[in-house]
Amino acid sequence: MKIGNIHFKSRFFLAPLAGITDMAFRQVCGSFGAAYSETEMVSAKALSFGDKKSFELMKIADDEHPCGIQLFGCEPEIIASSAKLAVEAGADIIDINMGCPAPKVANNGCGSALMKNPTLCGEIVKAVKSSVDIPVTVKIRKGFDNDSVNAVEVAQICEENGVDAVIIHGRTRDQYYSGQCDLDIIKKVKESVNVPVIGNGDVRNIRSAERMLDSTGCDAVMIARAALGNPWIFRELTEYFDKGIIIPELSNEDKLSIMREHIELVVRYKGEYMGMLQSRKQIAWYLKGFKGAAAFRNEAGRLSTLSEMNDLIERVLNANSTPF
């Protein structure tokens, strides 16, 4: 599996998630076998204005390559100039967001709203390709709504303008993340273009990954929500698909140890106050499935220090030391 001249060690990638896939989370997923990840989406317009926070989002650690930087916007020239800044920041791939369903993005003509204008999608790809010498990908959806399912058309236009791979989420913008991922549309996109196609949507475990690969013929799978509080999913998938091995479920101690290391890494990058504030949701995801999880997740929403988190971990372990 490769995109442009970049080879990947497996077919399982971490999807970009706003407010979630920061450098720490990407590194943790990479340590468990995620072959590729992308930054949170970065506003091309904000970069053009020199916005400090947007530049911070593009930071990539030395040990997490290949890593892509995902840009969003709707003006070809601005995205193209911002792509140059992303290359300077260390991006191995430029990914153009054409699928974000959030109103604050789509209502400004960006993200999934681009699906309503396939010609503009092609113009953006062409502009970015002419400005950088690294691979360029697009992340699209099935369509904007059920009356305008045009993923095949958008993918073909992007290919005509030089895109190196297409990532497709099998839902419309109107669905957001509800309902089921349409594997048939991913298959149709795969059959309609010659560049690699990465399938995205509803891959939660070995069985659903197998269904995605077998049903669509896609070249790789991008995993989003299933990695939340569960970064070891990448090891489970790579061990099974590469070696035919089903690895045992991690112990409670191991899961919470991984959580601790993850949050400590966040704090190292962002400081304790901001790191803990932003990690509360991550901790809550890690606690899913534990005995007493609801109460512990409620506590996680108030954590302010690493010491408080470590105390919580001890109480979670004590509460889960006996069978359910």
# chains A, B, ... in the order shown; residues from 1 in each chain; ligands from 1
>>> residues_around(residues="stretch 142-146 of chain A", least_positions_apart="3", cutoff="8 Å", atoms="only C-alpha atoms", output="list in words")
Ser112, Ala113, Met115, Lys116, Val149, Asn150, Ala151, Ile168, His169, Gly170, Arg171, Thr172, Arg173, Asp174, Gln175, Asp182, Ile185 and Ile186 of chain A
>>> residues_around(residues="A:Gln278", least_positions_apart="6", cutoff="12 Å", atoms="only C-alpha atoms", output="list of chain:residue names")
A:Gly19, A:Ile20, A:Thr21, A:Asp22, A:Ala24, A:Phe25, A:Ile263, A:Val266, A:Val267, A:Tyr269, A:Lys270, A:Gly271, A:Glu272, A:Ala284, A:Ala300, A:Gly301, A:Arg302, A:Leu303, A:Ser304, A:Thr305
>>> write_last_selection(atoms="C-alpha atoms", output="JSON list (two decimals), in the first residue's frame")
[["chain", "number", "residue", "atom", "x", "y", "z"],
["A", 19, "GLY", "CA", -10.16, 18.32, 19.05],
["A", 20, "ILE", "CA", -8.93, 14.73, 19.41],
["A", 21, "THR", "CA", -6.11, 13.68, 17.09],
["A", 22, "ASP", "CA", -3.45, 15.89, 18.63],
["A", 24, "ALA", "CA", -0.02, 12.84, 21.75],
["A", 25, "PHE", "CA", -2.96, 10.75, 20.55],
["A", 263, "ILE", "CA", -2.37, 11.68, 29.39],
["A", 266, "VAL", "CA", -0.57, 15.36, 26.62],
["A", 267, "VAL", "CA", 0.50, 17.19, 29.78],
["A", 269, "TYR", "CA", 3.09, 18.98, 25.43],
["A", 270, "LYS", "CA", 0.40, 21.30, 26.75],
["A", 271, "GLY", "CA", 1.14, 21.80, 30.45],
["A", 272, "GLU", "CA", -0.86, 20.32, 33.30],
["A", 284, "ALA", "CA", -13.82, 9.06, 29.99],
["A", 300, "ALA", "CA", -13.07, 12.36, 35.03],
["A", 301, "GLY", "CA", -14.97, 15.46, 33.92],
["A", 302, "ARG", "CA", -13.58, 17.32, 36.93],
["A", 303, "LEU", "CA", -9.94, 16.22, 36.91],
["A", 304, "SER", "CA", -7.38, 19.03, 37.04],
["A", 305, "THR", "CA", -4.06, 17.35, 37.91]]
>>> select_by_dssp(residues="stretch 194-276 of chain A", states="strand (DSSP E or B)", output="list in words")
Val197, Ile198, Gly199, Asn200, Ala220, Val221, Met222 and Ile223 of chain A
>>> write_last_selection(atoms="C-alpha atoms", output="compact mmCIF listing (two decimals), in the first residue's frame")
# COMPACT_ATOMS: atom_id res chain seq x y z
CA VAL A 197 -9.09 4.47 -2.06
CA ILE A 198 -9.27 4.45 1.73
CA GLY A 199 -12.57 3.41 3.29
CA ASN A 200 -13.89 5.11 6.42
CA ALA A 220 -6.75 0.78 3.30
CA VAL A 221 -9.09 1.51 6.19
CA MET A 222 -9.27 4.70 8.20
CA ILE A 223 -10.44 4.33 11.80
>>> closest_residue(among="A:Thr216, A:Asn161, A:Asn107, A:Gln282", to="A:Lys188", atoms="only C-alpha atoms")
A:Thr216
>>> closest_atom_pairs(of="stretch 159-278 of chain A", to="stretch 11-14 of chain A", cutoff="12 Å", atoms="only C-alpha atoms", output="CSV")
residue,atom,partner,partner_atom,distance
A:Ile167,CA,A:Phe13,CA,10.7
A:Pro196,CA,A:Arg11,CA,11.2
A:Val197,CA,A:Arg11,CA,11.0
A:Ile198,CA,A:Arg11,CA,8.8
A:Gly199,CA,A:Phe13,CA,9.9
A:Asn200,CA,A:Phe13,CA,9.5
A:Gly201,CA,A:Leu14,CA,11.7
A:Val203,CA,A:Phe12,CA,10.3
A:Arg204,CA,A:Phe12,CA,11.8
A:Asn205,CA,A:Phe12,CA,11.6
A:Ile206,CA,A:Phe12,CA,11.3
A:Ala209,CA,A:Phe12,CA,9.2
A:Glu210,CA,A:Arg11,CA,11.6
A:Met212,CA,A:Phe12,CA,11.6
A:Leu213,CA,A:Arg11,CA,9.7
A:Cys218,CA,A:Arg11,CA,9.6
A:Asp219,CA,A:Arg11,CA,7.0
A:Ala220,CA,A:Arg11,CA,4.4
A:Val221,CA,A:Phe12,CA,5.1
A:Met222,CA,A:Phe13,CA,4.6
A:Ile223,CA,A:Leu14,CA,5.1
A:Ala224,CA,A:Leu14,CA,6.2
A:Arg225,CA,A:Leu14,CA,9.5
A:Ala226,CA,A:Leu14,CA,9.8
A:Ala227,CA,A:Leu14,CA,7.8
A:Leu228,CA,A:Leu14,CA,10.4
A:Asn230,CA,A:Leu14,CA,11.8
A:Pro231,CA,A:Leu14,CA,9.4
A:Trp232,CA,A:Leu14,CA,11.6
A:Ile233,CA,A:Phe12,CA,9.6
A:Phe234,CA,A:Phe12,CA,6.7
A:Arg235,CA,A:Phe12,CA,9.5
A:Glu236,CA,A:Phe12,CA,10.5
A:Leu237,CA,A:Phe12,CA,7.6
A:Thr238,CA,A:Phe12,CA,7.4
A:Glu239,CA,A:Phe12,CA,11.2
A:Tyr240,CA,A:Phe12,CA,11.7
A:Phe241,CA,A:Arg11,CA,9.1
A:Asp242,CA,A:Arg11,CA,9.6
>>> atom_distance(atom1="atom CA of A:Arg141", atom2="atom CA of A:Ser192")
15.2 Å
>>> residues_around(residues="A:Glu38", least_positions_apart="6", cutoff="10 Å", atoms="only C-alpha atoms", output="JSON list (two decimals) with C-alpha atoms, in the first residue's frame")
[["chain", "number", "residue", "atom", "x", "y", "z"],
["A", 13, "PHE", "CA", -4.86, 4.47, 9.41],
["A", 14, "LEU", "CA", -6.02, 6.87, 12.11],
["A", 15, "ALA", "CA", -8.65, 9.33, 10.86],
["A", 16, "PRO", "CA", -8.37, 13.04, 11.67],
["A", 17, "LEU", "CA", -10.77, 14.13, 14.41],
["A", 21, "THR", "CA", -6.11, 13.68, 17.09],
["A", 22, "ASP", "CA", -3.45, 15.89, 18.63],
["A", 23, "MET", "CA", 0.21, 14.92, 18.56],
["A", 26, "ARG", "CA", -1.37, 10.22, 17.15],
["A", 58, "MET", "CA", 0.44, 21.40, 12.47],
["A", 60, "ILE", "CA", 4.40, 16.77, 14.04],
["A", 64, "GLU", "CA", 5.21, 9.88, 13.81],
["A", 65, "HIS", "CA", 6.00, 9.92, 10.11],
["A", 66, "PRO", "CA", 4.33, 9.40, 7.74],
["A", 67, "CYS", "CA", 1.86, 12.00, 8.95],
["A", 68, "GLY", "CA", -0.47, 14.18, 6.94],
["A", 69, "ILE", "CA", -1.76, 17.67, 7.61],
["A", 70, "GLN", "CA", -5.43, 18.13, 6.81],
["A", 91, "ALA", "CA", 3.71, 17.15, 6.36],
["A", 92, "ASP", "CA", 4.26, 13.99, 4.33],
["A", 93, "ILE", "CA", 0.83, 14.33, 2.70],
["A", 94, "ILE", "CA", -1.62, 17.20, 2.27],
["A", 95, "ASP", "CA", -5.20, 16.06, 2.86]]
